[in-house]
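Asks: One file is attached below, model_4.txt, containing compact mmCIF, C-alpha atoms.
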```
# COMPACT_ATOMS: atom_id res chain seq x y z
CA MET F 1 -25.72 -24.69 -7.96
CA GLU F 2 -23.50 -21.83 -9.12
CA PRO F 3 -21.93 -21.17 -5.68
CA LEU F 4 -20.80 -24.80 -5.63
CA PHE F 5 -18.93 -24.34 -8.92
CA TYR F 6 -17.28 -21.19 -7.60
CA ALA F 7 -16.35 -22.89 -4.35
CA ALA F 8 -14.91 -25.97 -6.07
CA LEU F 9 -12.87 -23.96 -8.55
CA LEU F 10 -11.53 -21.59 -5.92
CA ILE F 11 -10.64 -24.41 -3.53
CA VAL F 12 -8.64 -26.07 -6.31
CA ALA F 13 -6.99 -22.72 -7.13
CA ILE F 14 -6.04 -22.09 -3.48
CA PHE F 15 -4.71 -25.63 -3.08
CA CYS F 16 -2.61 -25.26 -6.25
CA ALA F 17 -1.39 -21.85 -5.02
CA TYR F 18 -0.26 -23.31 -1.71
CA ARG F 19 1.44 -26.25 -3.42
CA ALA F 20 3.17 -23.83 -5.79
CA MET F 21 4.47 -21.79 -2.87
CA VAL F 22 5.87 -24.73 -0.91
CA ALA F 23 7.21 -26.69 -3.89
CA LYS F 24 10.99 -27.01 -3.90
CA ARG F 25 11.25 -27.57 -7.65
CA ILE F 26 10.39 -24.47 -9.65
CA LEU F 27 9.13 -26.51 -12.62
CA THR F 28 6.49 -28.11 -10.39
CA ALA F 29 5.51 -24.69 -9.11
CA THR F 30 5.19 -23.48 -12.72
CA LEU F 31 2.72 -26.25 -13.53
CA TYR F 32 0.72 -25.43 -10.41
CA LEU F 33 0.65 -21.78 -11.50
CA ALA F 34 -0.80 -22.80 -14.87
CA SER F 35 -3.49 -24.77 -13.01
CA ILE F 36 -4.34 -21.70 -10.93
CA SER F 37 -4.68 -19.69 -14.12
CA ALA F 38 -7.06 -22.26 -15.58
CA CYS F 39 -9.22 -22.22 -12.44
CA VAL F 40 -9.29 -18.41 -12.33
CA SER F 41 -10.25 -18.37 -16.01
CA ALA F 42 -13.17 -20.70 -15.32
CA VAL F 43 -14.36 -18.44 -12.49
CA LEU F 44 -14.08 -15.41 -14.76
CA TYR F 45 -16.11 -17.22 -17.42
CA LEU F 46 -18.82 -18.06 -14.89
CA LEU F 47 -18.86 -14.40 -13.82
CA GLY F 48 -19.70 -13.42 -17.40
CA ALA F 49 -16.30 -12.02 -18.32
CA HIS F 50 -15.83 -14.30 -21.33
CA GLU F 51 -13.21 -12.25 -23.14
CA VAL F 52 -11.14 -11.74 -19.99
CA ALA F 53 -11.33 -15.48 -19.29
CA VAL F 54 -10.00 -16.33 -22.74
CA ILE F 55 -7.19 -13.77 -22.46
CA GLU F 56 -6.28 -14.97 -18.97
CA LEU F 57 -6.23 -18.60 -20.08
CA SER F 58 -4.12 -17.98 -23.16
CA VAL F 59 -1.73 -15.56 -21.50
CA GLY F 60 -1.61 -16.91 -17.94
CA ALA F 61 -1.66 -20.63 -18.62
CA GLY F 62 0.03 -20.43 -22.00
CA LEU F 63 2.46 -17.60 -22.61
CA VAL F 64 3.69 -17.06 -19.05
CA THR F 65 4.14 -20.80 -18.50
CA VAL F 66 6.19 -21.09 -21.67
CA LEU F 67 8.29 -18.10 -20.60
CA LEU F 68 8.88 -19.56 -17.15
CA VAL F 69 9.90 -22.94 -18.58
CA TYR F 70 12.23 -21.17 -21.02
CA ALA F 71 13.80 -19.17 -18.18
CA LEU F 72 14.19 -22.39 -16.17
CA SER F 73 15.87 -24.11 -19.10
CA VAL F 74 18.30 -21.17 -19.42
CA VAL F 75 19.21 -20.87 -15.73
CA GLY F 76 19.48 -24.63 -15.42
CA GLU F 77 20.77 -26.24 -12.29
CA ASP F 78 19.83 -23.88 -9.50
CA ALA F 79 16.12 -24.00 -10.16
CA LEU F 80 15.51 -25.03 -6.58
CA ASP F 81 14.01 -22.73 -3.99
CA PRO F 82 16.21 -22.45 -0.88
CA SER F 83 14.71 -22.23 2.57
CA SER F 84 13.21 -18.90 3.58
CA ILE F 85 14.79 -16.10 5.59
CA VAL F 86 11.56 -15.17 7.35
CA SER F 87 10.44 -17.85 9.79
CA LYS F 88 7.27 -19.63 8.75
CA PRO F 89 5.28 -18.90 11.96
CA LEU F 90 5.99 -15.18 11.50
CA ALA F 91 4.87 -15.43 7.87
CA TYR F 92 1.65 -17.17 8.96
CA ILE F 93 0.96 -14.44 11.52
CA ILE F 94 1.53 -11.65 8.97
CA VAL F 95 -0.70 -13.34 6.39
CA ALA F 96 -3.45 -13.97 8.95
CA GLY F 97 -3.35 -10.32 10.02
CA VAL F 98 -3.59 -9.08 6.45
CA ALA F 99 -6.42 -11.51 5.67
CA ILE F 100 -8.40 -10.37 8.73
CA VAL F 101 -7.99 -6.70 7.74
CA LEU F 102 -9.02 -7.45 4.15
CA ILE F 103 -12.13 -9.39 5.19
CA TRP F 104 -13.04 -6.62 7.64
CA LEU F 105 -12.75 -4.06 4.82
CA LEU F 106 -14.49 -6.16 2.17
CA TYR F 107 -17.36 -7.60 4.18
CA PRO F 108 -19.59 -4.49 3.99
CA MET F 109 -19.35 -4.65 0.19
CA SER F 110 -21.04 -8.05 0.07
CA GLY F 111 -24.46 -6.64 0.89
CA GLU F 112 -24.45 -3.80 -1.61
CA GLY F 113 -26.09 -3.72 -4.96
CA SER F 114 -26.37 -0.93 -7.48
CA SER F 115 -27.96 -0.07 -10.78
CA PHE F 116 -26.69 -2.20 -13.63
CA VAL F 117 -25.11 -0.63 -16.69
CA THR F 118 -25.06 -3.00 -19.65
CA SER F 119 -22.18 -2.03 -21.88
CA LYS F 120 -19.99 -4.45 -23.76
CA LEU F 121 -16.29 -4.80 -23.13
CA ALA F 122 -15.47 -3.87 -26.73
CA THR F 123 -17.54 -0.69 -26.47
CA ILE F 124 -15.79 0.38 -23.30
CA LEU F 125 -12.33 -0.54 -24.59
CA TRP F 126 -12.61 1.14 -27.98
CA GLU F 127 -14.82 4.13 -27.12
CA GLN F 128 -14.30 5.07 -23.49
CA ARG F 129 -10.85 3.74 -22.65
CA VAL F 130 -8.95 4.23 -25.89
CA LEU F 131 -5.97 5.57 -23.98
CA ASP F 132 -5.67 2.24 -22.16
CA VAL F 133 -5.57 0.40 -25.47
CA TRP F 134 -2.83 2.64 -26.85
CA ILE F 135 -0.84 2.27 -23.64
CA GLN F 136 -1.19 -1.51 -23.92
CA ILE F 137 0.08 -1.43 -27.51
CA VAL F 138 3.08 0.70 -26.51
CA LEU F 139 3.77 -1.58 -23.53
CA ILE F 140 3.72 -4.70 -25.69
CA PHE F 141 6.19 -3.19 -28.16
CA SER F 142 8.44 -1.92 -25.37
CA GLY F 143 8.29 -5.36 -23.77
CA VAL F 144 9.36 -7.04 -26.99
CA LEU F 145 12.20 -4.54 -27.46
CA GLY F 146 13.24 -4.97 -23.84
CA ILE F 147 13.35 -8.74 -24.22
CA LEU F 148 15.43 -8.49 -27.38
CA GLY F 149 17.86 -6.18 -25.66
CA LEU F 150 18.12 -8.09 -22.42
CA LEU F 151 18.40 -11.60 -23.80
CA SER F 152 20.96 -10.72 -26.43
CA GLU F 153 24.56 -11.56 -25.61
CA THR F 154 26.63 -8.39 -25.35
CA PRO F 155 30.08 -9.07 -26.86
CA GLY F 156 32.09 -7.00 -24.38
CA THR F 157 30.81 -8.50 -21.13
CA LYS F 158 32.40 -11.49 -19.53
CA PRO F 159 30.11 -13.80 -17.63
CA GLY F 160 30.66 -13.57 -13.88
CA SER F 161 32.46 -10.26 -14.14
CA ILE F 162 30.80 -8.89 -11.00
CA GLN F 163 31.12 -11.65 -8.44
CA GLY F 164 32.21 -14.68 -10.36
CA SER F 165 29.92 -17.01 -12.20
CA SER F 166 29.49 -20.74 -12.44
CA ARG F 167 28.71 -20.50 -16.17
CA ASN F 168 31.47 -21.44 -18.57
CA MET N 1 -25.84 -18.82 3.70
CA LEU N 2 -22.83 -18.10 1.54
CA THR N 3 -23.64 -16.35 -1.71
CA SER N 4 -21.51 -16.49 -4.85
CA LEU N 5 -20.18 -13.02 -4.04
CA ASN N 6 -19.07 -14.07 -0.56
CA ILE N 7 -17.42 -17.22 -1.88
CA ILE N 8 -15.46 -15.32 -4.52
CA LEU N 9 -14.46 -12.67 -1.98
CA ILE N 10 -13.15 -15.38 0.33
CA GLY N 11 -11.31 -16.91 -2.62
CA VAL N 12 -9.73 -13.58 -3.55
CA VAL N 13 -8.57 -12.95 0.02
CA SER N 14 -7.24 -16.52 0.29
CA LEU N 15 -5.29 -16.24 -2.96
CA LEU N 16 -3.88 -12.90 -1.79
CA GLY N 17 -2.92 -14.49 1.51
CA VAL N 18 -1.16 -17.42 -0.13
CA GLY N 19 0.63 -15.00 -2.46
CA LEU N 20 1.75 -12.84 0.45
CA TYR N 21 2.98 -15.95 2.27
CA GLY N 22 4.94 -16.93 -0.84
CA LEU N 23 6.38 -13.43 -1.08
CA LEU N 24 7.65 -13.74 2.49
CA ILE N 25 9.20 -17.20 2.27
CA THR N 26 10.58 -17.23 -1.29
CA ARG N 27 14.24 -16.56 -2.05
CA ASN N 28 14.46 -17.73 -5.64
CA LEU N 29 14.08 -14.91 -8.18
CA ILE N 30 12.05 -16.96 -10.68
CA LYS N 31 9.67 -18.01 -7.95
CA LEU N 32 9.27 -14.38 -6.94
CA VAL N 33 8.01 -13.63 -10.46
CA MET N 34 5.56 -16.50 -10.08
CA VAL N 35 4.35 -15.14 -6.76
CA LEU N 36 3.69 -11.76 -8.39
CA GLN N 37 1.69 -13.57 -11.09
CA LEU N 38 -0.40 -15.22 -8.40
CA LEU N 39 -1.07 -11.90 -6.66
CA VAL N 40 -2.13 -10.32 -9.95
CA LYS N 41 -4.51 -13.20 -10.67
CA SER N 42 -6.36 -12.52 -7.45
CA ALA N 43 -6.41 -8.80 -8.31
CA ILE N 44 -7.93 -9.61 -11.73
CA LEU N 45 -10.63 -11.68 -10.07
CA ALA N 46 -11.32 -8.85 -7.64
CA LEU N 47 -11.56 -6.30 -10.46
CA VAL N 48 -14.09 -8.33 -12.45
CA LEU N 49 -16.09 -9.00 -9.29
CA ALA N 50 -16.03 -5.31 -8.36
CA GLY N 51 -17.28 -4.44 -11.85
CA ASN N 52 -20.18 -6.86 -11.48
CA VAL N 53 -21.06 -5.67 -7.97
CA GLY N 54 -20.69 -1.99 -8.89
CA GLY N 55 -23.11 -2.34 -11.79
CA ASN N 56 -20.64 -1.72 -14.61
CA PRO N 57 -19.08 -5.06 -15.57
CA GLY N 58 -17.52 -3.71 -18.77
CA LEU N 59 -15.40 -1.24 -16.83
CA GLY N 60 -14.08 -3.93 -14.49
CA GLN N 61 -13.36 -6.23 -17.40
CA SER N 62 -11.50 -3.60 -19.41
CA THR N 63 -9.39 -2.77 -16.36
CA ALA N 64 -8.71 -6.46 -15.88
CA VAL N 65 -7.53 -6.78 -19.49
CA THR N 66 -5.17 -3.84 -18.96
CA VAL N 67 -3.84 -5.44 -15.79
CA ILE N 68 -3.26 -8.76 -17.61
CA VAL N 69 -1.26 -7.04 -20.35
CA VAL N 70 0.82 -4.99 -17.91
CA ASP N 71 1.43 -8.03 -15.72
CA THR N 72 2.60 -10.08 -18.68
CA ILE N 73 5.06 -7.39 -19.71
CA VAL N 74 6.30 -7.18 -16.12
CA ALA N 75 6.81 -10.95 -16.07
CA VAL N 76 8.62 -10.93 -19.41
CA VAL N 77 11.01 -8.14 -18.44
CA ALA N 78 11.53 -9.59 -14.95
CA LEU N 79 12.40 -13.02 -16.37
CA ALA N 80 14.85 -11.44 -18.81
CA LEU N 81 16.46 -9.60 -15.90
CA VAL N 82 16.59 -12.85 -13.91
CA VAL N 83 18.40 -14.57 -16.77
CA GLN N 84 20.88 -11.72 -16.93
CA VAL N 85 21.42 -11.84 -13.15
CA ARG N 86 22.09 -15.58 -13.40
CA ARG N 87 24.59 -14.99 -16.21
CA ARG N 88 26.47 -12.16 -14.53
CA ILE N 89 26.29 -13.00 -10.83
CA GLY N 90 25.85 -16.75 -10.98
CA THR N 91 23.02 -17.22 -8.53
CA LEU N 92 19.30 -16.71 -8.22
CA ASP N 93 19.24 -16.60 -4.42
CA VAL N 94 18.03 -13.17 -3.30
CA SER N 95 20.12 -13.22 -0.14
CA GLN N 96 23.32 -13.85 -2.11
CA ILE N 97 22.80 -10.99 -4.56
CA THR N 98 24.58 -8.42 -2.46
CA THR N 99 26.23 -6.22 -5.06
CA LEU N 100 23.73 -3.39 -4.48
CA LYS N 101 24.65 -3.07 -0.81
CA GLY N 102 26.32 0.20 0.10
```
Take the structure from the file and write it as C-alpha cells.
Replies:
Amino acid sequence: MEPLFYAALLIVAIFCAYRAMVAKRILTATLYLASISACVSAVLYLLGAHEVAVIELSVGAGLVTVLLVYALSVVGEDALDPSSIVSKPLAYIIVAGVAIVLIWLLYPMSGEGSSFVTSKLATILWEQRVLDVWIQIVLIFSGVLGILGLLSETPGTKPGSIQGSSRN
Amino acid sequence: MLTSLNIILIGVVSLLGVGLYGLLITRNLIKLVMVLQLLVKSAILALVLAGNVGGNPGLGQSTAVTVIVVDTIVAVVALALVVQVRRRIGTLDVSQITTLKG
C-alpha cells in the first residue's frame, strides 16, 4: 500500500512542477510551488523524516510562498514570464539526456541495503554536526541583515539610473 | 515490481528533469528563483532517501535540514536582489538585463 501513496504524491508533485514551469502568470506558479512543497513534505513524513517534513512544510509552503507573493506585489506589472530563448524541443532533448544519465547512475543503488544505524536527528544535529547548526544560525542572521540592507531605500540613488526605469 | 525506493528515485529524477527544463525555458528572474526552489526540493528528497538507504537516516535528515536553511536564505537574498534589479533597471527579463556585458 505504501508504494501507492508514494506514487500518488509524487505524480501530483511532478504535475504541479510542470504546471508551475509552463504557467505564464508567476502568481499561479507560486501556488503550484507551494503544492509541490506540501507533496514533498508528505513523502518525507512517510519516509520517517518527521522533523524535516515539518520544516519543509512550514518553510517551503509557508515562508517562501509569502516571500514570493511579497516580491510579486513589489515588482507589480511585469510578473509575466516571457517566451524562452532556448527552443522547447532542444530543452526536452537536454532534459531527457540528463534524466537517462541520472537513472543509469542511480539504478544500481536501488538494490543495495546496508546495516541500519538508529540515531535521532536531534542527537546528530546537536552532538555530531554542531558546526552545521552554528553555520545555519550565522546564515539566518546574515540573511536577515542582507534583506534589511537590500530592501531599504538608499536616499542617494535614483530609480532607473542605469538604463531607465518604468517606476515613478 | 516497483518498490518504494524505485518510485521515489523516479520521482526525484522527474522533479530534477522538470526543474532543469524550467531552468532552460525561463526568462523571468522571480521564476528562476522558483525553479531553484524546485531543484532543491528534489535534492532534499534524495538526501533523506540516501540516508535511509545508506543505513543512517539521521545523517541524511540533518543534511536535509541544513540544505533547507541554506536554500531559504538563498531565496530570500535572491528575491531582494530581484526587487533591486526591478527598481534600478526596470525589467525582470534576463535577456534585457545587459548592463554586465563587456
Asks: Between atom CA of N:Val48 and atom CA of N:Ser62, what is the distance in Å, rounded to a tenth?
Replies: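 Between atom CA of N:Val48 and atom CA of N:Ser62 the gap works out to 8.8 Å.
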Asks: One number please: atom CA of N:Gly17 to atom CA of F:Val95, in Å, one decimal.
Replies: 5.5 Å
Asks: Kindly provide, as an mmCIF file with C-alpha atoms, in the coordinates of the input, the polymer residues lying within 12 Å of (-7.6, -25.2, -6.3), counting all atoms listed in the file and using the coordinates exactly as they appear in the file.
Replies:
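Dumped to part.cif:
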```cif
data_model
loop_
_atom_site.group_PDB
_atom_site.id
_atom_site.type_symbol
_atom_site.label_atom_id
_atom_site.label_comp_id
_atom_site.auth_asym_id
_atom_site.auth_seq_id
_atom_site.Cartn_x
_atom_site.Cartn_y
_atom_site.Cartn_z
ATOM 1 C CA PHE F 5 -18.930 -24.340 -8.920
ATOM 2 C CA TYR F 6 -17.280 -21.190 -7.600
ATOM 3 C CA ALA F 7 -16.350 -22.890 -4.350
ATOM 4 C CA ALA F 8 -14.910 -25.970 -6.070
ATOM 5 C CA LEU F 9 -12.870 -23.960 -8.550
ATOM 6 C CA LEU F 10 -11.530 -21.590 -5.920
ATOM 7 C CA ILE F 11 -10.640 -24.410 -3.530
ATOM 8 C CA VAL F 12 -8.640 -26.070 -6.310
ATOM 9 C CA ALA F 13 -6.990 -22.720 -7.130
ATOM 10 C CA ILE F 14 -6.040 -22.090 -3.480
ATOM 11 C CA PHE F 15 -4.710 -25.630 -3.080
ATOM 12 C CA CYS F 16 -2.610 -25.260 -6.250
ATOM 13 C CA ALA F 17 -1.390 -21.850 -5.020
ATOM 14 C CA TYR F 18 -0.260 -23.310 -1.710
ATOM 15 C CA ARG F 19 1.440 -26.250 -3.420
ATOM 16 C CA ALA F 20 3.170 -23.830 -5.790
ATOM 17 C CA TYR F 32 0.720 -25.430 -10.410
ATOM 18 C CA LEU F 33 0.650 -21.780 -11.500
ATOM 19 C CA ALA F 34 -0.800 -22.800 -14.870
ATOM 20 C CA SER F 35 -3.490 -24.770 -13.010
ATOM 21 C CA ILE F 36 -4.340 -21.700 -10.930
ATOM 22 C CA SER F 37 -4.680 -19.690 -14.120
ATOM 23 C CA ALA F 38 -7.060 -22.260 -15.580
ATOM 24 C CA CYS F 39 -9.220 -22.220 -12.440
ATOM 25 C CA VAL F 40 -9.290 -18.410 -12.330
ATOM 26 C CA ALA F 42 -13.170 -20.700 -15.320
ATOM 27 C CA VAL F 43 -14.360 -18.440 -12.490
ATOM 28 C CA GLY N 11 -11.310 -16.910 -2.620
ATOM 29 C CA SER N 14 -7.240 -16.520 0.290
ATOM 30 C CA LEU N 15 -5.290 -16.240 -2.960
ATOM 31 C CA VAL N 18 -1.160 -17.420 -0.130
#
```
Asks: Could the residues of chain N within 6 Å of chain F, counting all atoms listed in the file, be given as a ChimeraX atom specification, please?
Replies: /N:4,11,15,17,21-22,25-26,28,54-56,58,73,80,87-90
Asks: For a quick check of understanding, using all atoms listed in the file, which of N:Gln61, N:Ser42, N:Thr66, N:Gln37 has the smallest distance to F:Ala61?
Replies: N:Gln37
Asks: Do you have the atom CA of N:Leu5-atom CA of N:Val53 distance handy?
Replies: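 Between these atoms lies a distance of 8.4 Å.
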Asks: Can you fill out stretch 63-99 of chain N with N, CA and C atoms and hand it back as a compact mmCIF listing (two decimals), in the frame of the given file?
Replies:
```txt
# COMPACT_ATOMS: atom_id res chain seq x y z
N THR N 63 -10.53 -2.97 -17.28
CA THR N 63 -9.39 -2.77 -16.36
C THR N 63 -8.63 -4.06 -16.15
N ALA N 64 -9.37 -5.16 -16.07
CA ALA N 64 -8.71 -6.46 -15.88
C ALA N 64 -7.84 -6.82 -17.10
N VAL N 65 -8.33 -6.51 -18.29
CA VAL N 65 -7.53 -6.78 -19.49
C VAL N 65 -6.24 -5.96 -19.46
N THR N 66 -6.37 -4.68 -19.06
CA THR N 66 -5.17 -3.84 -18.96
C THR N 66 -4.19 -4.42 -17.95
N VAL N 67 -4.71 -4.87 -16.82
CA VAL N 67 -3.84 -5.44 -15.79
C VAL N 67 -3.15 -6.70 -16.30
N ILE N 68 -3.87 -7.53 -17.07
CA ILE N 68 -3.26 -8.76 -17.61
C ILE N 68 -2.10 -8.41 -18.53
N VAL N 69 -2.32 -7.42 -19.41
CA VAL N 69 -1.26 -7.04 -20.35
C VAL N 69 -0.05 -6.49 -19.59
N VAL N 70 -0.30 -5.58 -18.65
CA VAL N 70 0.82 -4.99 -17.91
C VAL N 70 1.56 -6.06 -17.10
N ASP N 71 0.81 -6.96 -16.52
CA ASP N 71 1.43 -8.03 -15.72
C ASP N 71 2.29 -8.94 -16.58
N THR N 72 1.81 -9.22 -17.79
CA THR N 72 2.60 -10.08 -18.68
C THR N 72 3.91 -9.40 -19.06
N ILE N 73 3.84 -8.11 -19.36
CA ILE N 73 5.06 -7.39 -19.71
C ILE N 73 6.02 -7.36 -18.51
N VAL N 74 5.46 -7.16 -17.33
CA VAL N 74 6.30 -7.18 -16.12
C VAL N 74 6.98 -8.53 -15.97
N ALA N 75 6.22 -9.61 -16.20
CA ALA N 75 6.81 -10.95 -16.07
C ALA N 75 7.90 -11.17 -17.10
N VAL N 76 7.64 -10.73 -18.34
CA VAL N 76 8.62 -10.93 -19.41
C VAL N 76 9.92 -10.20 -19.09
N VAL N 77 9.81 -8.93 -18.73
CA VAL N 77 11.01 -8.14 -18.44
C VAL N 77 11.71 -8.68 -17.19
N ALA N 78 10.92 -9.06 -16.18
CA ALA N 78 11.53 -9.59 -14.95
C ALA N 78 12.27 -10.89 -15.23
N LEU N 79 11.71 -11.76 -16.06
CA LEU N 79 12.40 -13.02 -16.37
C LEU N 79 13.68 -12.75 -17.16
N ALA N 80 13.63 -11.77 -18.07
CA ALA N 80 14.85 -11.44 -18.81
C ALA N 80 15.92 -10.91 -17.86
N LEU N 81 15.50 -10.09 -16.90
CA LEU N 81 16.46 -9.60 -15.90
C LEU N 81 17.01 -10.74 -15.05
N VAL N 82 16.15 -11.70 -14.71
CA VAL N 82 16.59 -12.85 -13.91
C VAL N 82 17.66 -13.64 -14.67
N VAL N 83 17.42 -13.84 -15.96
CA VAL N 83 18.40 -14.57 -16.77
C VAL N 83 19.73 -13.82 -16.80
N GLN N 84 19.65 -12.50 -16.93
CA GLN N 84 20.88 -11.72 -16.93
C GLN N 84 21.59 -11.76 -15.57
N VAL N 85 20.82 -11.73 -14.49
CA VAL N 85 21.42 -11.84 -13.15
C VAL N 85 22.12 -13.17 -13.01
N ARG N 86 21.48 -14.24 -13.48
CA ARG N 86 22.09 -15.58 -13.40
C ARG N 86 23.39 -15.63 -14.21
N ARG N 87 23.40 -14.95 -15.37
CA ARG N 87 24.59 -14.99 -16.21
C ARG N 87 25.73 -14.19 -15.60
N ARG N 88 25.41 -13.06 -14.99
CA ARG N 88 26.47 -12.16 -14.53
C ARG N 88 26.89 -12.44 -13.10
N ILE N 89 25.95 -12.81 -12.24
CA ILE N 89 26.29 -13.00 -10.83
C ILE N 89 26.43 -14.48 -10.48
N GLY N 90 25.68 -15.32 -11.17
CA GLY N 90 25.85 -16.75 -10.98
C GLY N 90 24.92 -17.38 -9.97
N THR N 91 23.97 -16.63 -9.48
CA THR N 91 23.02 -17.22 -8.53
C THR N 91 21.66 -16.57 -8.70
N LEU N 92 20.65 -17.27 -8.22
CA LEU N 92 19.30 -16.71 -8.22
C LEU N 92 18.79 -16.49 -6.79
N ASP N 93 19.64 -16.76 -5.82
CA ASP N 93 19.24 -16.60 -4.42
C ASP N 93 19.27 -15.11 -4.07
N VAL N 94 18.13 -14.60 -3.59
CA VAL N 94 18.03 -13.17 -3.30
C VAL N 94 19.04 -12.75 -2.23
N SER N 95 19.24 -13.61 -1.24
CA SER N 95 20.12 -13.22 -0.14
C SER N 95 21.59 -13.20 -0.55
N GLN N 96 21.92 -13.85 -1.66
CA GLN N 96 23.32 -13.85 -2.11
C GLN N 96 23.62 -12.74 -3.12
N ILE N 97 22.58 -12.09 -3.61
CA ILE N 97 22.80 -10.99 -4.56
C ILE N 97 23.03 -9.73 -3.75
N THR N 98 24.28 -9.49 -3.41
CA THR N 98 24.58 -8.42 -2.46
C THR N 98 25.35 -7.28 -3.09
N THR N 99 25.41 -7.25 -4.42
CA THR N 99 26.23 -6.22 -5.06
C THR N 99 25.64 -4.83 -4.93
```
